Amino acid sequence: MSGDFLDRKRAEIVEYDRELMNILRKRLDAAVKIGEYKAEHGLPAHNPEVERKVIDRYRVLAEERGMDPDTAEAICRAIMAESVANEEAVIGKK
């Protein structure tokens, strides 16, 4: 009986993971567009001021949802690293 419950919950997690990856892909697509803009205007891929605002936003959102802000920041930093890499790739092509 508990196997059925666990199987259902694990199937839910699989679907949530798919949704997360779809959203992350959309976020990276937006980062590529930002990279294209930055390339056209001679701007660097990395912007520490914007990075700080994004990290702060993740921490607040985590706290509002009863999640650990430090873990949210670590997730944010990983996502931003991928975003910057995508932006740099676009800037490097221009």
# chains A, B, ... in the order shown; residues from 1 in each chain; ligands from 1
$ residues_around --residues "range 20-27 of chain A" --least-positions-apart "3" --cutoff "8 Å" --atoms "only C-alpha atoms" --output "list in words"
Tyr16, Asp17, Ala30, Ala31, Ile79 and Ser83 of chain A
$ residues_around --residues "range 90-92 of chain A" --least-positions-apart "5" --cutoff "7 Å" --atoms "only C-alpha atoms" --output "ChimeraX atom specification"
/A:32,35-36,39
$ residues_around --residues "range 45-58 of chain A" --least-positions-apart "6" --cutoff "7 Å" --atoms "only C-alpha atoms" --output "list in words"
Gly35, Lys38, Ala72, Glu73, Cys76, Val84, Glu87 and Glu88 of chain A
$ atom_distance --atom1 "CA of Glu63 in chain A" --atom2 "CA of Val14 in chain A"
24.6 Å
$ atom_distance --atom1 "CA of Ala74 in chain A" --atom2 "CA of Leu61 in chain A"
13.5 Å
$ atom_distance --atom1 "CA of Asn86 in chain A" --atom2 "CA of Glu40 in chain A"
15.3 Å
$ decode --residues "range 14-28 of chain A" --atoms "all heavy atoms" --output "PDB file, in the first residue's frame"
ATOM      1  N   VAL A  14       8.454  13.770 -10.705  1.00  0.00           N
ATOM      2  CA  VAL A  14       8.937  13.698 -12.085  1.00  0.00           C
ATOM      3  C   VAL A  14       8.290  14.793 -12.921  1.00  0.00           C
ATOM      4  O   VAL A  14       8.950  15.487 -13.705  1.00  0.00           O
ATOM      5  CB  VAL A  14       8.673  12.303 -12.690  1.00  0.00           C
ATOM      6  CG1 VAL A  14       8.877  12.306 -14.195  1.00  0.00           C
ATOM      7  CG2 VAL A  14       9.567  11.255 -12.023  1.00  0.00           C
ATOM      8  N   GLU A  15       6.990  14.985 -12.760  1.00  0.00           N
ATOM      9  CA  GLU A  15       6.284  16.025 -13.520  1.00  0.00           C
ATOM     10  C   GLU A  15       6.759  17.413 -13.107  1.00  0.00           C
ATOM     11  O   GLU A  15       6.961  18.283 -13.956  1.00  0.00           O
ATOM     12  CB  GLU A  15       4.777  15.895 -13.344  1.00  0.00           C
ATOM     13  CG  GLU A  15       3.981  16.819 -14.230  1.00  0.00           C
ATOM     14  CD  GLU A  15       4.308  16.702 -15.713  1.00  0.00           C
ATOM     15  OE1 GLU A  15       4.594  15.591 -16.198  1.00  0.00           O
ATOM     16  OE2 GLU A  15       4.281  17.743 -16.394  1.00  0.00           O
ATOM     17  N   TYR A  16       6.953  17.640 -11.822  1.00  0.00           N
ATOM     18  CA  TYR A  16       7.459  18.940 -11.363  1.00  0.00           C
ATOM     19  C   TYR A  16       8.853  19.203 -11.918  1.00  0.00           C
ATOM     20  O   TYR A  16       9.176  20.334 -12.295  1.00  0.00           O
ATOM     21  CB  TYR A  16       7.488  19.025  -9.836  1.00  0.00           C
ATOM     22  CG  TYR A  16       6.131  18.872  -9.188  1.00  0.00           C
ATOM     23  CD1 TYR A  16       5.998  18.215  -7.972  1.00  0.00           C
ATOM     24  CD2 TYR A  16       4.976  19.387  -9.780  1.00  0.00           C
ATOM     25  CE1 TYR A  16       4.765  18.072  -7.365  1.00  0.00           C
ATOM     26  CE2 TYR A  16       3.737  19.238  -9.182  1.00  0.00           C
ATOM     27  CZ  TYR A  16       3.633  18.581  -7.969  1.00  0.00           C
ATOM     28  OH  TYR A  16       2.408  18.443  -7.374  1.00  0.00           O
ATOM     29  N   ASP A  17       9.672  18.162 -11.978  1.00  0.00           N
ATOM     30  CA  ASP A  17      11.016  18.323 -12.549  1.00  0.00           C
ATOM     31  C   ASP A  17      10.934  18.721 -14.020  1.00  0.00           C
ATOM     32  O   ASP A  17      11.694  19.578 -14.484  1.00  0.00           O
ATOM     33  CB  ASP A  17      11.832  17.040 -12.394  1.00  0.00           C
ATOM     34  CG  ASP A  17      12.275  16.783 -10.963  1.00  0.00           C
ATOM     35  OD1 ASP A  17      12.252  17.731 -10.145  1.00  0.00           O
ATOM     36  OD2 ASP A  17      12.647  15.632 -10.668  1.00  0.00           O
ATOM     37  N   ARG A  18      10.014  18.116 -14.760  1.00  0.00           N
ATOM     38  CA  ARG A  18       9.812  18.500 -16.167  1.00  0.00           C
ATOM     39  C   ARG A  18       9.408  19.969 -16.272  1.00  0.00           C
ATOM     40  O   ARG A  18       9.914  20.709 -17.111  1.00  0.00           O
ATOM     41  CB  ARG A  18       8.743  17.631 -16.819  1.00  0.00           C
ATOM     42  CG  ARG A  18       9.210  16.273 -17.233  1.00  0.00           C
ATOM     43  CD  ARG A  18       8.145  15.589 -18.105  1.00  0.00           C
ATOM     44  NE  ARG A  18       8.550  14.222 -18.336  1.00  0.00           N
ATOM     45  CZ  ARG A  18       8.063  13.163 -17.691  1.00  0.00           C
ATOM     46  NH1 ARG A  18       7.109  13.300 -16.794  1.00  0.00           N
ATOM     47  NH2 ARG A  18       8.501  11.951 -17.956  1.00  0.00           N
ATOM     48  N   GLU A  19       8.477  20.372 -15.412  1.00  0.00           N
ATOM     49  CA  GLU A  19       8.033  21.766 -15.419  1.00  0.00           C
ATOM     50  C   GLU A  19       9.188  22.710 -15.087  1.00  0.00           C
ATOM     51  O   GLU A  19       9.339  23.756 -15.730  1.00  0.00           O
ATOM     52  CB  GLU A  19       6.891  21.963 -14.420  1.00  0.00           C
ATOM     53  CG  GLU A  19       5.593  21.304 -14.833  1.00  0.00           C
ATOM     54  CD  GLU A  19       4.500  21.454 -13.782  1.00  0.00           C
ATOM     55  OE1 GLU A  19       4.489  22.471 -13.062  1.00  0.00           O
ATOM     56  OE2 GLU A  19       3.659  20.548 -13.685  1.00  0.00           O
ATOM     57  N   LEU A  20       9.975  22.345 -14.077  1.00  0.00           N
ATOM     58  CA  LEU A  20      11.136  23.169 -13.719  1.00  0.00           C
ATOM     59  C   LEU A  20      12.097  23.313 -14.888  1.00  0.00           C
ATOM     60  O   LEU A  20      12.583  24.417 -15.175  1.00  0.00           O
ATOM     61  CB  LEU A  20      11.882  22.555 -12.529  1.00  0.00           C
ATOM     62  CG  LEU A  20      11.305  22.817 -11.152  1.00  0.00           C
ATOM     63  CD1 LEU A  20      11.993  21.923 -10.123  1.00  0.00           C
ATOM     64  CD2 LEU A  20      11.459  24.276 -10.774  1.00  0.00           C
ATOM     65  N   MET A  21      12.373  22.221 -15.570  1.00  0.00           N
ATOM     66  CA  MET A  21      13.306  22.272 -16.692  1.00  0.00           C
ATOM     67  C   MET A  21      12.747  23.111 -17.838  1.00  0.00           C
ATOM     68  O   MET A  21      13.487  23.844 -18.494  1.00  0.00           O
ATOM     69  CB  MET A  21      13.666  20.865 -17.166  1.00  0.00           C
ATOM     70  CG  MET A  21      14.458  20.067 -16.124  1.00  0.00           C
ATOM     71  SD  MET A  21      15.947  20.915 -15.537  1.00  0.00           S
ATOM     72  CE  MET A  21      16.956  20.864 -16.984  1.00  0.00           C
ATOM     73  N   ASN A  22      11.445  23.029 -18.068  1.00  0.00           N
ATOM     74  CA  ASN A  22      10.825  23.864 -19.104  1.00  0.00           C
ATOM     75  C   ASN A  22      10.943  25.341 -18.748  1.00  0.00           C
ATOM     76  O   ASN A  22      11.259  26.175 -19.608  1.00  0.00           O
ATOM     77  CB  ASN A  22       9.354  23.482 -19.310  1.00  0.00           C
ATOM     78  CG  ASN A  22       9.193  22.160 -20.029  1.00  0.00           C
ATOM     79  OD1 ASN A  22      10.073  21.719 -20.759  1.00  0.00           O
ATOM     80  ND2 ASN A  22       8.065  21.521 -19.811  1.00  0.00           N
ATOM     81  N   ILE A  23      10.708  25.668 -17.507  1.00  0.00           N
ATOM     82  CA  ILE A  23      10.829  27.059 -17.054  1.00  0.00           C
ATOM     83  C   ILE A  23      12.284  27.512 -17.134  1.00  0.00           C
ATOM     84  O   ILE A  23      12.566  28.634 -17.582  1.00  0.00           O
ATOM     85  CB  ILE A  23      10.254  27.226 -15.636  1.00  0.00           C
ATOM     86  CG1 ILE A  23       8.731  27.057 -15.678  1.00  0.00           C
ATOM     87  CG2 ILE A  23      10.647  28.569 -15.038  1.00  0.00           C
ATOM     88  CD1 ILE A  23       8.082  26.912 -14.322  1.00  0.00           C
ATOM     89  N   LEU A  24      13.211  26.654 -16.737  1.00  0.00           N
ATOM     90  CA  LEU A  24      14.630  27.009 -16.830  1.00  0.00           C
ATOM     91  C   LEU A  24      15.042  27.248 -18.280  1.00  0.00           C
ATOM     92  O   LEU A  24      15.821  28.160 -18.573  1.00  0.00           O
ATOM     93  CB  LEU A  24      15.500  25.934 -16.189  1.00  0.00           C
ATOM     94  CG  LEU A  24      15.469  25.904 -14.667  1.00  0.00           C
ATOM     95  CD1 LEU A  24      16.201  24.660 -14.154  1.00  0.00           C
ATOM     96  CD2 LEU A  24      16.085  27.160 -14.071  1.00  0.00           C
ATOM     97  N   ARG A  25      14.526  26.443 -19.188  1.00  0.00           N
ATOM     98  CA  ARG A  25      14.840  26.648 -20.598  1.00  0.00           C
ATOM     99  C   ARG A  25      14.334  28.015 -21.072  1.00  0.00           C
ATOM    100  O   ARG A  25      15.027  28.726 -21.803  1.00  0.00           O
ATOM    101  CB  ARG A  25      14.225  25.522 -21.444  1.00  0.00           C
ATOM    102  CG  ARG A  25      14.506  25.621 -22.927  1.00  0.00           C
ATOM    103  CD  ARG A  25      15.979  25.382 -23.265  1.00  0.00           C
ATOM    104  NE  ARG A  25      16.644  26.652 -23.522  1.00  0.00           N
ATOM    105  CZ  ARG A  25      17.950  26.790 -23.634  1.00  0.00           C
ATOM    106  NH1 ARG A  25      18.752  25.760 -23.529  1.00  0.00           N
ATOM    107  NH2 ARG A  25      18.478  27.965 -23.849  1.00  0.00           N
ATOM    108  N   LYS A  26      13.111  28.375 -20.655  1.00  0.00           N
ATOM    109  CA  LYS A  26      12.569  29.688 -21.004  1.00  0.00           C
ATOM    110  C   LYS A  26      13.449  30.798 -20.432  1.00  0.00           C
ATOM    111  O   LYS A  26      13.705  31.812 -21.091  1.00  0.00           O
ATOM    112  CB  LYS A  26      11.140  29.839 -20.487  1.00  0.00           C
ATOM    113  CG  LYS A  26      10.129  29.009 -21.231  1.00  0.00           C
ATOM    114  CD  LYS A  26       8.745  29.158 -20.621  1.00  0.00           C
ATOM    115  CE  LYS A  26       7.751  28.239 -21.284  1.00  0.00           C
ATOM    116  NZ  LYS A  26       6.415  28.356 -20.686  1.00  0.00           N
ATOM    117  N   ARG A  27      13.921  30.605 -19.202  1.00  0.00           N
ATOM    118  CA  ARG A  27      14.785  31.607 -18.574  1.00  0.00           C
ATOM    119  C   ARG A  27      16.092  31.738 -19.353  1.00  0.00           C
ATOM    120  O   ARG A  27      16.582  32.836 -19.596  1.00  0.00           O
ATOM    121  CB  ARG A  27      15.063  31.218 -17.126  1.00  0.00           C
ATOM    122  CG  ARG A  27      15.757  32.314 -16.321  1.00  0.00           C
ATOM    123  CD  ARG A  27      16.109  31.812 -14.921  1.00  0.00           C
ATOM    124  NE  ARG A  27      16.475  32.880 -14.031  1.00  0.00           N
ATOM    125  CZ  ARG A  27      17.622  33.537 -14.053  1.00  0.00           C
ATOM    126  NH1 ARG A  27      18.539  33.239 -14.972  1.00  0.00           N
ATOM    127  NH2 ARG A  27      17.883  34.491 -13.181  1.00  0.00           N
ATOM    128  N   LEU A  28      16.653  30.611 -19.765  1.00  0.00           N
ATOM    129  CA  LEU A  28      17.892  30.651 -20.543  1.00  0.00           C
ATOM    130  C   LEU A  28      17.667  31.279 -21.914  1.00  0.00           C
ATOM    131  O   LEU A  28      18.542  31.995 -22.417  1.00  0.00           O
ATOM    132  CB  LEU A  28      18.485  29.252 -20.677  1.00  0.00           C
ATOM    133  CG  LEU A  28      19.083  28.686 -19.389  1.00  0.00           C
ATOM    134  CD1 LEU A  28      19.508  27.231 -19.599  1.00  0.00           C
ATOM    135  CD2 LEU A  28      20.250  29.520 -18.908  1.00  0.00           C
TER     136      LEU A  28
END
